[in-house]
file structure35.txt (compact mmCIF, C-alpha atoms)
# COMPACT_ATOMS: atom_id res chain seq x y z
CA ALA E 1 -114.32 221.43 -187.41
CA GLN E 2 -116.05 223.45 -190.07
CA THR E 3 -119.64 222.50 -190.87
CA VAL E 4 -121.36 222.64 -194.23
CA THR E 5 -125.15 222.74 -194.35
CA GLN E 6 -127.39 221.95 -197.27
CA SER E 7 -130.90 222.61 -196.08
CA GLN E 8 -132.70 221.22 -199.12
CA PRO E 9 -132.63 217.40 -199.16
CA GLU E 10 -134.61 217.35 -202.42
CA MET E 11 -135.32 219.82 -205.19
CA SER E 12 -137.03 219.59 -208.53
CA VAL E 13 -136.95 221.75 -211.62
CA GLN E 14 -138.72 221.77 -214.95
CA GLU E 15 -136.49 221.10 -217.93
CA ALA E 16 -135.06 224.36 -219.37
CA GLU E 17 -135.86 226.26 -216.16
CA THR E 18 -133.46 227.59 -213.54
CA VAL E 19 -132.92 226.16 -210.09
CA THR E 20 -130.82 227.31 -207.14
CA LEU E 21 -129.35 224.96 -204.56
CA SER E 22 -128.36 226.45 -201.24
CA CYS E 23 -125.30 225.87 -199.10
CA THR E 24 -124.10 227.59 -195.97
CA TYR E 25 -120.98 226.95 -193.96
CA ASP E 26 -119.55 227.85 -190.63
CA THR E 27 -115.98 229.04 -190.37
CA SER E 28 -113.76 231.57 -188.66
CA GLU E 29 -111.18 231.46 -191.44
CA SER E 30 -110.75 234.10 -194.10
CA ASP E 31 -109.01 231.97 -196.69
CA TYR E 32 -110.61 228.77 -197.95
CA TYR E 33 -112.04 227.03 -200.99
CA LEU E 34 -115.59 226.02 -201.85
CA PHE E 35 -116.83 223.42 -204.30
CA TRP E 36 -119.95 221.93 -205.76
CA TYR E 37 -119.82 218.28 -206.75
CA LYS E 38 -122.37 216.33 -208.73
CA GLN E 39 -123.06 212.64 -208.20
CA PRO E 40 -125.24 211.15 -210.95
CA PRO E 41 -126.74 207.65 -210.71
CA SER E 42 -123.40 206.23 -211.84
CA ARG E 43 -122.13 207.40 -208.41
CA GLN E 44 -119.02 209.01 -209.87
CA MET E 45 -118.31 212.28 -208.08
CA ILE E 46 -117.78 215.07 -210.59
CA LEU E 47 -116.56 218.56 -209.81
CA VAL E 48 -119.06 221.14 -211.06
CA ILE E 49 -117.50 224.40 -209.95
CA ARG E 50 -114.98 225.82 -207.49
CA GLN E 51 -114.63 229.18 -205.75
CA GLU E 52 -111.64 230.66 -203.94
CA ALA E 53 -112.71 232.76 -200.97
CA TYR E 54 -110.19 235.49 -201.76
CA LYS E 55 -111.87 236.08 -205.13
CA GLN E 56 -114.90 238.33 -205.00
CA GLN E 57 -116.08 237.44 -208.47
CA ASN E 58 -118.57 234.59 -208.59
CA ALA E 59 -117.37 231.52 -210.46
CA THR E 60 -119.17 230.45 -213.63
CA GLU E 61 -118.92 227.28 -215.70
CA ASN E 62 -121.28 227.33 -218.66
CA ARG E 63 -124.82 226.84 -217.27
CA PHE E 64 -123.56 226.62 -213.69
CA SER E 65 -122.83 229.65 -211.57
CA VAL E 66 -122.48 230.41 -207.91
CA ASN E 67 -123.62 233.19 -205.66
CA PHE E 68 -120.83 233.51 -203.12
CA GLN E 69 -121.68 235.71 -200.15
CA LYS E 70 -118.62 235.63 -197.93
CA ALA E 71 -120.03 237.70 -195.09
CA ALA E 72 -123.16 235.59 -194.97
CA LYS E 73 -121.12 232.38 -195.41
CA SER E 74 -123.37 231.31 -198.23
CA PHE E 75 -122.45 229.52 -201.44
CA SER E 76 -125.45 228.71 -203.62
CA LEU E 77 -125.36 226.96 -206.99
CA LYS E 78 -127.53 228.16 -209.85
CA ILE E 79 -128.23 225.81 -212.73
CA SER E 80 -129.67 227.57 -215.77
CA ASP E 81 -131.51 225.92 -218.66
CA SER E 82 -131.76 222.69 -216.70
CA GLN E 83 -131.26 219.49 -218.65
CA LEU E 84 -132.28 215.93 -217.91
CA GLY E 85 -128.63 215.07 -217.43
CA ASP E 86 -128.43 217.49 -214.53
CA ALA E 87 -130.48 215.11 -212.40
CA ALA E 88 -128.15 214.01 -209.64
CA MET E 89 -127.15 214.44 -206.04
CA TYR E 90 -125.28 217.69 -205.49
CA PHE E 91 -122.79 218.14 -202.68
CA CYS E 92 -121.33 221.37 -201.40
CA ALA E 93 -117.81 221.15 -199.97
CA TYR E 94 -115.40 223.36 -198.05
CA ARG E 95 -111.64 223.01 -197.97
CA SER E 96 -109.45 224.63 -195.40
CA PRO E 97 -105.78 225.36 -195.93
CA ASN E 98 -105.38 225.66 -192.19
CA THR E 99 -106.87 222.49 -190.75
CA GLY E 100 -104.57 220.14 -192.55
CA ASN E 101 -106.12 220.54 -196.00
CA GLN E 102 -109.25 218.73 -194.89
CA PHE E 103 -112.47 218.69 -196.93
CA TYR E 104 -115.90 219.08 -195.35
CA PHE E 105 -119.00 217.98 -197.24
CA GLY E 106 -122.65 218.84 -196.86
CA THR E 107 -125.32 216.15 -196.74
CA GLY E 108 -126.37 216.68 -200.34
CA THR E 109 -129.38 217.83 -202.35
CA SER E 110 -131.11 215.42 -204.68
CA LEU E 111 -132.14 217.24 -207.85
CA THR E 112 -134.90 215.90 -210.08
CA VAL E 113 -135.38 217.34 -213.55
CA ILE E 114 -138.94 217.08 -214.85
CA PRO E 115 -139.30 216.69 -218.63
CA ASN B 1 -102.48 211.13 -216.10
CA ALA B 2 -104.86 208.44 -214.92
CA GLY B 3 -107.52 209.41 -212.44
CA VAL B 4 -107.99 208.01 -208.97
CA MET B 5 -108.17 204.25 -209.29
CA GLN B 6 -110.11 202.15 -206.85
CA ASN B 7 -110.32 198.41 -206.86
CA PRO B 8 -112.17 196.27 -206.74
CA ARG B 9 -115.31 198.02 -208.02
CA HIS B 10 -117.50 195.42 -206.36
CA LEU B 11 -116.61 193.24 -203.40
CA VAL B 12 -118.74 190.58 -201.77
CA ARG B 13 -117.73 189.23 -198.39
CA ARG B 14 -119.35 186.87 -195.94
CA ARG B 15 -119.85 188.02 -192.39
CA GLY B 16 -116.64 187.64 -190.44
CA GLN B 17 -114.32 187.90 -193.44
CA GLU B 18 -111.88 190.70 -194.14
CA ALA B 19 -112.35 193.34 -196.81
CA ARG B 20 -109.43 195.20 -198.39
CA LEU B 21 -110.18 198.22 -200.50
CA ARG B 22 -107.43 199.78 -202.57
CA CYS B 23 -106.98 203.31 -203.80
CA SER B 24 -104.26 204.62 -206.08
CA PRO B 25 -104.26 208.40 -206.02
CA MET B 26 -103.57 210.57 -209.02
CA LYS B 27 -99.92 211.06 -209.84
CA GLY B 28 -98.42 213.79 -207.72
CA HIS B 29 -101.18 213.75 -205.12
CA SER B 30 -100.00 213.33 -201.58
CA HIS B 31 -103.36 213.47 -199.80
CA VAL B 32 -105.89 210.63 -199.69
CA TYR B 33 -109.36 210.72 -198.19
CA TRP B 34 -111.77 207.86 -197.61
CA TYR B 35 -115.54 208.30 -197.43
CA ARG B 36 -118.41 205.94 -196.89
CA GLN B 37 -121.80 206.35 -198.52
CA LEU B 38 -124.94 204.44 -197.67
CA PRO B 39 -127.75 204.29 -200.27
CA GLU B 40 -129.61 207.58 -200.63
CA GLU B 41 -127.28 209.23 -198.14
CA GLY B 42 -124.38 211.64 -198.24
CA LEU B 43 -120.67 211.12 -197.89
CA LYS B 44 -119.43 210.28 -194.45
CA PHE B 45 -115.80 211.13 -193.83
CA MET B 46 -113.72 208.28 -192.50
CA VAL B 47 -110.02 209.02 -192.66
CA TYR B 48 -107.49 211.41 -194.18
CA LEU B 49 -103.96 210.28 -194.87
CA GLN B 50 -100.73 211.61 -196.26
CA LYS B 51 -97.82 209.40 -197.23
CA GLU B 52 -97.04 207.15 -194.23
CA ASN B 53 -99.16 209.29 -191.90
CA ILE B 54 -102.73 209.29 -190.69
CA ILE B 55 -103.74 212.92 -190.36
CA ASP B 56 -107.35 212.57 -189.24
CA GLU B 57 -109.16 209.32 -188.47
CA SER B 58 -111.98 210.86 -186.49
CA GLY B 59 -114.63 209.38 -188.80
CA MET B 60 -113.38 205.84 -188.70
CA PRO B 61 -114.70 203.29 -186.19
CA LYS B 62 -111.97 202.40 -183.74
CA GLU B 63 -112.58 198.69 -184.00
CA ARG B 64 -112.23 196.54 -187.11
CA PHE B 65 -111.32 199.46 -189.41
CA SER B 66 -107.83 200.55 -190.33
CA ALA B 67 -106.21 202.55 -193.11
CA GLU B 68 -102.75 203.07 -194.45
CA PHE B 69 -101.00 204.99 -197.18
CA PRO B 70 -97.49 203.56 -197.49
CA LYS B 71 -94.53 205.24 -199.07
CA GLU B 72 -94.90 202.95 -202.05
CA GLY B 73 -98.16 201.52 -203.34
CA PRO B 74 -101.82 202.32 -202.94
CA SER B 75 -103.77 203.39 -199.91
CA ILE B 76 -105.59 200.51 -198.26
CA LEU B 77 -108.80 200.61 -196.23
CA ARG B 78 -109.10 197.41 -194.30
CA ILE B 79 -112.23 196.15 -192.59
CA GLN B 80 -111.83 193.10 -190.40
CA GLN B 81 -114.64 190.73 -189.43
CA VAL B 82 -117.16 192.47 -191.65
CA VAL B 83 -120.80 192.74 -190.60
CA ARG B 84 -123.91 193.44 -192.67
CA GLY B 85 -123.87 197.06 -191.54
CA ASP B 86 -120.55 197.56 -193.32
CA SER B 87 -122.30 197.18 -196.67
CA ALA B 88 -121.89 200.51 -198.43
CA ALA B 89 -120.05 202.31 -201.20
CA TYR B 90 -116.56 203.40 -200.17
CA PHE B 91 -115.06 206.31 -202.04
CA CYS B 92 -111.47 207.40 -202.14
CA ALA B 93 -110.40 210.88 -203.14
CA SER B 94 -106.99 212.42 -203.63
CA SER B 95 -105.68 215.93 -203.88
CA PRO B 96 -102.40 217.73 -204.11
CA ARG B 97 -101.18 219.82 -201.23
CA LEU B 98 -102.74 223.26 -201.32
CA GLY B 99 -100.65 225.85 -203.05
CA TYR B 100 -101.48 228.96 -204.97
CA GLY B 101 -102.36 228.26 -208.57
CA MET B 102 -102.66 224.52 -208.11
CA ASN B 103 -105.78 222.41 -208.35
CA THR B 104 -107.54 222.68 -205.06
CA GLU B 105 -110.29 220.14 -205.43
CA ALA B 106 -110.50 216.50 -204.47
CA PHE B 107 -110.55 214.00 -207.31
CA PHE B 108 -112.69 210.97 -206.66
CA GLY B 109 -112.41 207.35 -207.64
CA GLN B 110 -115.41 205.40 -208.83
CA GLY B 111 -115.88 203.76 -205.49
CA THR B 112 -115.94 200.22 -204.20
CA ARG B 113 -119.33 198.77 -203.46
CA LEU B 114 -119.01 196.36 -200.56
CA THR B 115 -121.75 193.85 -199.97
CA VAL B 116 -121.67 191.70 -196.87
CA VAL B 117 -123.77 188.56 -197.08

call {"tool": "encode", "arguments": {"input": "structure35.txt", "output": "structure tokens"}}
result
Amino acid sequence: AQTVTQSQPEMSVQEAETVTLSCTYDTSESDYYLFWYKQPPSRQMILVIRQEAYKQQNATENRFSVNFQKAAKSFSLKISDSQLGDAAMYFCAYRSPNTGNQFYFGTGTSLTVIP
Amino acid sequence: NAGVMQNPRHLVRRRGQEARLRCSPMKGHSHVYWYRQLPEEGLKFMVYLQKENIIDESGMPKERFSAEFPKEGPSILRIQQVVRGDSAAYFCASSPRLGYGMNTEAFFGQGTRLTVV
């Protein structure tokens, strides 16, 4: 099975600053999908951003962008102009079209935003 | 199109009772995933189902736990003879089958928080 690694259990950022959350994954596949999910204190899982492996261009959603390095199997999330509402647990996820459409999640990074 | 619906939101059971957690996927979604989350921890995969089939149950304990996704009706995660260690939040997610141009992500329900007393 594919593995997804988030090496930063906790991160903090000053309000209005930029923070980068790291994610690496292990796969032998060439076609797959990557996601970042946010889980605020309400515990609702919210999709932040998605990236298709066949697209070289990094995905962007407003203040959220990714740095997708396919060869390095790295998929980091950059949050610009951090806001208090960004405080949450962030999960990186991998989806394979080949292993039965399964999703693989990392262990999460808890982000604190300091006012 | 309603989102993924889980019920109940909160469930309290005494040790030894049965817990039934329900998940109605989004319309048109044929894949259902169940995850367990302990406080301050990540998501632990339990089971992945398609209509009437269990595709991957490698994360589900072999005893006391079972899951189904019938042709009609919601997916059910069933925990028999609950113990205190079963207390956790259980999340269900659904997705459509992968196809070019379609949504590829999993959509999550709000979870069921099970407390065993």

call {"tool": "interface_residues", "arguments": {"input": "structure35.txt", "of": "chain E", "to": "chain B", "cutoff": "10 Å", "atoms": "all atoms listed in the file", "output": "compact mmCIF listing (two decimals) with C-alpha atoms, in the coordinates of the input"}}
result
# COMPACT_ATOMS: atom_id res chain seq x y z
CA PRO E 9 -132.63 217.40 -199.16
CA TYR E 32 -110.61 228.77 -197.95
CA TYR E 33 -112.04 227.03 -200.99
CA LEU E 34 -115.59 226.02 -201.85
CA PHE E 35 -116.83 223.42 -204.30
CA TRP E 36 -119.95 221.93 -205.76
CA TYR E 37 -119.82 218.28 -206.75
CA SER E 42 -123.40 206.23 -211.84
CA ARG E 43 -122.13 207.40 -208.41
CA GLN E 44 -119.02 209.01 -209.87
CA MET E 45 -118.31 212.28 -208.08
CA ILE E 46 -117.78 215.07 -210.59
CA LEU E 47 -116.56 218.56 -209.81
CA ILE E 49 -117.50 224.40 -209.95
CA ARG E 50 -114.98 225.82 -207.49
CA GLN E 51 -114.63 229.18 -205.75
CA GLU E 52 -111.64 230.66 -203.94
CA MET E 89 -127.15 214.44 -206.04
CA TYR E 90 -125.28 217.69 -205.49
CA PHE E 91 -122.79 218.14 -202.68
CA ALA E 93 -117.81 221.15 -199.97
CA TYR E 94 -115.40 223.36 -198.05
CA ARG E 95 -111.64 223.01 -197.97
CA SER E 96 -109.45 224.63 -195.40
CA PRO E 97 -105.78 225.36 -195.93
CA ASN E 98 -105.38 225.66 -192.19
CA GLY E 100 -104.57 220.14 -192.55
CA ASN E 101 -106.12 220.54 -196.00
CA GLN E 102 -109.25 218.73 -194.89
CA PHE E 103 -112.47 218.69 -196.93
CA TYR E 104 -115.90 219.08 -195.35
CA PHE E 105 -119.00 217.98 -197.24
CA GLY E 106 -122.65 218.84 -196.86
CA THR E 107 -125.32 216.15 -196.74
CA GLY E 108 -126.37 216.68 -200.34
CA THR E 109 -129.38 217.83 -202.35
CA SER E 110 -131.11 215.42 -204.68

call {"tool": "closest_residue", "arguments": {"input": "structure35.txt", "among": "B:Pro74, B:Pro61, B:Pro39, B:Pro25", "to": "Ala88 of chain B", "atoms": "only C-alpha atoms"}}
result
B:Pro39

call {"tool": "atom_distance", "arguments": {"input": "structure35.txt", "atom1": "atom CA of Cys23 of chain E", "atom2": "atom CA of Gln69 of chain E"}}
result
10.5 Å

call {"tool": "closest_residue", "arguments": {"input": "structure35.txt", "among": "E:Tyr54, E:Asp81, E:Ser76, E:Ala88", "to": "Ser22 of chain E", "atoms": "only C-alpha atoms"}}
result
E:Ser76

call {"tool": "closest_residue", "arguments": {"input": "structure35.txt", "among": "E:Ala16, E:Leu21, E:Ala87, E:Ala59", "to": "Pro40 of chain E", "atoms": "all atoms listed in the file"}}
result
E:Ala87

call {"tool": "residues_around", "arguments": {"input": "structure35.txt", "residues": "Thr115 of chain B", "least_positions_apart": "6", "cutoff": "9 Å", "atoms": "all atoms listed in the file", "output": "list in words"}}
result
His10, Leu11, Val12, Arg13, Arg14, Arg84, Asp86, Ser87, Ala88 and Ala89 of chain B

call {"tool": "closest_residue", "arguments": {"input": "structure35.txt", "among": "B:Glu63, B:Pro70, B:Trp34, B:Arg15", "to": "Gly85 of chain B", "atoms": "all atoms listed in the file"}}
result
B:Arg15

call {"tool": "residues_around", "arguments": {"input": "structure35.txt", "residues": "Val19 of chain E", "least_positions_apart": "2", "cutoff": "7 Å", "atoms": "only C-alpha atoms", "output": "PyMOL selection string"}}
result
chain E and resi 13+17+21+78-80

call {"tool": "write_last_selection", "arguments": {"input": "structure35.txt", "atoms": "C-alpha atoms", "output": "mmCIF file, keeping the file's coordinate frame"}}
result
data_model
loop_
_atom_site.group_PDB
_atom_site.id
_atom_site.type_symbol
_atom_site.label_atom_id
_atom_site.label_comp_id
_atom_site.auth_asym_id
_atom_site.auth_seq_id
_atom_site.Cartn_x
_atom_site.Cartn_y
_atom_site.Cartn_z
ATOM 1 C CA VAL E 13 -136.950 221.750 -211.620
ATOM 2 C CA GLU E 17 -135.860 226.260 -216.160
ATOM 3 C CA LEU E 21 -129.350 224.960 -204.560
ATOM 4 C CA LYS E 78 -127.530 228.160 -209.850
ATOM 5 C CA ILE E 79 -128.230 225.810 -212.730
ATOM 6 C CA SER E 80 -129.670 227.570 -215.770
#

call {"tool": "residues_near_point", "arguments": {"input": "structure35.txt", "point": "(-119.3, 182.6, -187.4)", "cutoff": "12 Å", "atoms": "only C-alpha atoms", "output": "count of residues only"}}
result
7

call {"tool": "build_atoms", "arguments": {"input": "structure35.txt", "residues": "segment 54-65 of chain E", "atoms": "all heavy atoms", "output": "PDB file, in the frame of the given file"}}
result
ATOM      1  N   TYR E  54    -110.825 234.191-201.596  1.00  0.00           N
ATOM      2  CA  TYR E  54    -110.190 235.490-201.760  1.00  0.00           C
ATOM      3  C   TYR E  54    -110.626 236.183-203.053  1.00  0.00           C
ATOM      4  O   TYR E  54    -110.313 237.348-203.274  1.00  0.00           O
ATOM      5  CB  TYR E  54    -108.663 235.351-201.725  1.00  0.00           C
ATOM      6  CG  TYR E  54    -108.064 234.472-202.800  1.00  0.00           C
ATOM      7  CD1 TYR E  54    -107.779 234.976-204.065  1.00  0.00           C
ATOM      8  CD2 TYR E  54    -107.773 233.143-202.540  1.00  0.00           C
ATOM      9  CE1 TYR E  54    -107.224 234.171-205.042  1.00  0.00           C
ATOM     10  CE2 TYR E  54    -107.218 232.322-203.522  1.00  0.00           C
ATOM     11  CZ  TYR E  54    -106.942 232.848-204.776  1.00  0.00           C
ATOM     12  OH  TYR E  54    -106.401 232.048-205.738  1.00  0.00           O
ATOM     13  N   LYS E  55    -111.358 235.475-203.902  1.00  0.00           N
ATOM     14  CA  LYS E  55    -111.870 236.080-205.130  1.00  0.00           C
ATOM     15  C   LYS E  55    -113.300 236.544-204.915  1.00  0.00           C
ATOM     16  O   LYS E  55    -114.155 235.767-204.483  1.00  0.00           O
ATOM     17  CB  LYS E  55    -111.831 235.067-206.277  1.00  0.00           C
ATOM     18  CG  LYS E  55    -110.429 234.713-206.760  1.00  0.00           C
ATOM     19  CD  LYS E  55    -110.496 233.804-207.971  1.00  0.00           C
ATOM     20  CE  LYS E  55    -109.093 233.486-208.467  1.00  0.00           C
ATOM     21  NZ  LYS E  55    -109.111 232.551-209.628  1.00  0.00           N
ATOM     22  N   GLN E  56    -113.551 237.802-205.192  1.00  0.00           N
ATOM     23  CA  GLN E  56    -114.900 238.330-205.000  1.00  0.00           C
ATOM     24  C   GLN E  56    -115.822 237.959-206.148  1.00  0.00           C
ATOM     25  O   GLN E  56    -117.035 237.861-205.972  1.00  0.00           O
ATOM     26  CB  GLN E  56    -114.833 239.841-204.822  1.00  0.00           C
ATOM     27  CG  GLN E  56    -114.147 240.262-203.526  1.00  0.00           C
ATOM     28  CD  GLN E  56    -114.234 241.752-203.290  1.00  0.00           C
ATOM     29  OE1 GLN E  56    -114.457 242.520-204.209  1.00  0.00           O
ATOM     30  NE2 GLN E  56    -114.059 242.165-202.044  1.00  0.00           N
ATOM     31  N   GLN E  57    -115.246 237.734-207.310  1.00  0.00           N
ATOM     32  CA  GLN E  57    -116.080 237.440-208.470  1.00  0.00           C
ATOM     33  C   GLN E  57    -116.642 236.036-208.362  1.00  0.00           C
ATOM     34  O   GLN E  57    -115.921 235.072-208.063  1.00  0.00           O
ATOM     35  CB  GLN E  57    -115.244 237.558-209.740  1.00  0.00           C
ATOM     36  CG  GLN E  57    -116.060 237.450-211.008  1.00  0.00           C
ATOM     37  CD  GLN E  57    -115.250 237.764-212.249  1.00  0.00           C
ATOM     38  OE1 GLN E  57    -114.037 237.955-212.178  1.00  0.00           O
ATOM     39  NE2 GLN E  57    -115.902 237.827-213.378  1.00  0.00           N
ATOM     40  N   ASN E  58    -117.925 235.889-208.632  1.00  0.00           N
ATOM     41  CA  ASN E  58    -118.570 234.590-208.590  1.00  0.00           C
ATOM     42  C   ASN E  58    -118.097 233.725-209.750  1.00  0.00           C
ATOM     43  O   ASN E  58    -118.029 234.174-210.895  1.00  0.00           O
ATOM     44  CB  ASN E  58    -120.087 234.759-208.665  1.00  0.00           C
ATOM     45  CG  ASN E  58    -120.660 235.320-207.382  1.00  0.00           C
ATOM     46  OD1 ASN E  58    -120.185 235.033-206.289  1.00  0.00           O
ATOM     47  ND2 ASN E  58    -121.677 236.150-207.522  1.00  0.00           N
ATOM     48  N   ALA E  59    -117.820 232.458-209.431  1.00  0.00           N
ATOM     49  CA  ALA E  59    -117.370 231.520-210.460  1.00  0.00           C
ATOM     50  C   ALA E  59    -118.523 231.134-211.376  1.00  0.00           C
ATOM     51  O   ALA E  59    -119.690 231.060-210.944  1.00  0.00           O
ATOM     52  CB  ALA E  59    -116.776 230.279-209.810  1.00  0.00           C
ATOM     53  N   THR E  60    -118.176 230.870-212.624  1.00  0.00           N
ATOM     54  CA  THR E  60    -119.170 230.450-213.630  1.00  0.00           C
ATOM     55  C   THR E  60    -118.541 229.379-214.502  1.00  0.00           C
ATOM     56  O   THR E  60    -117.385 229.488-214.896  1.00  0.00           O
ATOM     57  CB  THR E  60    -119.578 231.637-214.506  1.00  0.00           C
ATOM     58  OG1 THR E  60    -120.174 232.638-213.695  1.00  0.00           O
ATOM     59  CG2 THR E  60    -120.580 231.207-215.563  1.00  0.00           C
ATOM     60  N   GLU E  61    -119.334 228.350-214.766  1.00  0.00           N
ATOM     61  CA  GLU E  61    -118.920 227.280-215.700  1.00  0.00           C
ATOM     62  C   GLU E  61    -120.136 226.950-216.559  1.00  0.00           C
ATOM     63  O   GLU E  61    -121.000 226.187-216.166  1.00  0.00           O
ATOM     64  CB  GLU E  61    -118.468 226.026-214.924  1.00  0.00           C
ATOM     65  CG  GLU E  61    -117.158 226.147-214.217  1.00  0.00           C
ATOM     66  CD  GLU E  61    -115.962 226.116-215.155  1.00  0.00           C
ATOM     67  OE1 GLU E  61    -116.108 225.681-216.325  1.00  0.00           O
ATOM     68  OE2 GLU E  61    -114.872 226.535-214.724  1.00  0.00           O
ATOM     69  N   ASN E  62    -120.183 227.560-217.724  1.00  0.00           N
ATOM     70  CA  ASN E  62    -121.280 227.330-218.660  1.00  0.00           C
ATOM     71  C   ASN E  62    -122.630 227.618-217.991  1.00  0.00           C
ATOM     72  O   ASN E  62    -122.890 228.740-217.593  1.00  0.00           O
ATOM     73  CB  ASN E  62    -121.207 225.894-219.209  1.00  0.00           C
ATOM     74  CG  ASN E  62    -119.906 225.646-219.940  1.00  0.00           C
ATOM     75  OD1 ASN E  62    -119.482 226.457-220.755  1.00  0.00           O
ATOM     76  ND2 ASN E  62    -119.246 224.543-219.612  1.00  0.00           N
ATOM     77  N   ARG E  63    -123.483 226.606-217.844  1.00  0.00           N
ATOM     78  CA  ARG E  63    -124.820 226.840-217.270  1.00  0.00           C
ATOM     79  C   ARG E  63    -124.807 226.891-215.741  1.00  0.00           C
ATOM     80  O   ARG E  63    -125.856 227.120-215.124  1.00  0.00           O
ATOM     81  CB  ARG E  63    -125.766 225.728-217.733  1.00  0.00           C
ATOM     82  CG  ARG E  63    -125.988 225.669-219.236  1.00  0.00           C
ATOM     83  CD  ARG E  63    -126.983 224.580-219.603  1.00  0.00           C
ATOM     84  NE  ARG E  63    -126.471 223.249-219.302  1.00  0.00           N
ATOM     85  CZ  ARG E  63    -126.905 222.494-218.304  1.00  0.00           C
ATOM     86  NH1 ARG E  63    -127.869 222.944-217.498  1.00  0.00           N
ATOM     87  NH2 ARG E  63    -126.406 221.286-218.109  1.00  0.00           N
ATOM     88  N   PHE E  64    -123.669 226.660-215.153  1.00  0.00           N
ATOM     89  CA  PHE E  64    -123.560 226.620-213.690  1.00  0.00           C
ATOM     90  C   PHE E  64    -122.864 227.880-213.187  1.00  0.00           C
ATOM     91  O   PHE E  64    -121.820 228.265-213.711  1.00  0.00           O
ATOM     92  CB  PHE E  64    -122.750 225.387-213.263  1.00  0.00           C
ATOM     93  CG  PHE E  64    -123.379 224.075-213.656  1.00  0.00           C
ATOM     94  CD1 PHE E  64    -123.122 223.513-214.896  1.00  0.00           C
ATOM     95  CD2 PHE E  64    -124.218 223.414-212.785  1.00  0.00           C
ATOM     96  CE1 PHE E  64    -123.707 222.314-215.256  1.00  0.00           C
ATOM     97  CE2 PHE E  64    -124.801 222.204-213.135  1.00  0.00           C
ATOM     98  CZ  PHE E  64    -124.547 221.652-214.378  1.00  0.00           C
ATOM     99  N   SER E  65    -123.445 228.485-212.192  1.00  0.00           N
ATOM    100  CA  SER E  65    -122.830 229.650-211.570  1.00  0.00           C
ATOM    101  C   SER E  65    -123.101 229.611-210.087  1.00  0.00           C
ATOM    102  O   SER E  65    -124.004 228.905-209.618  1.00  0.00           O
ATOM    103  CB  SER E  65    -123.359 230.944-212.191  1.00  0.00           C
ATOM    104  OG  SER E  65    -124.750 231.049-211.979  1.00  0.00           O
TER     105      SER E  65
END
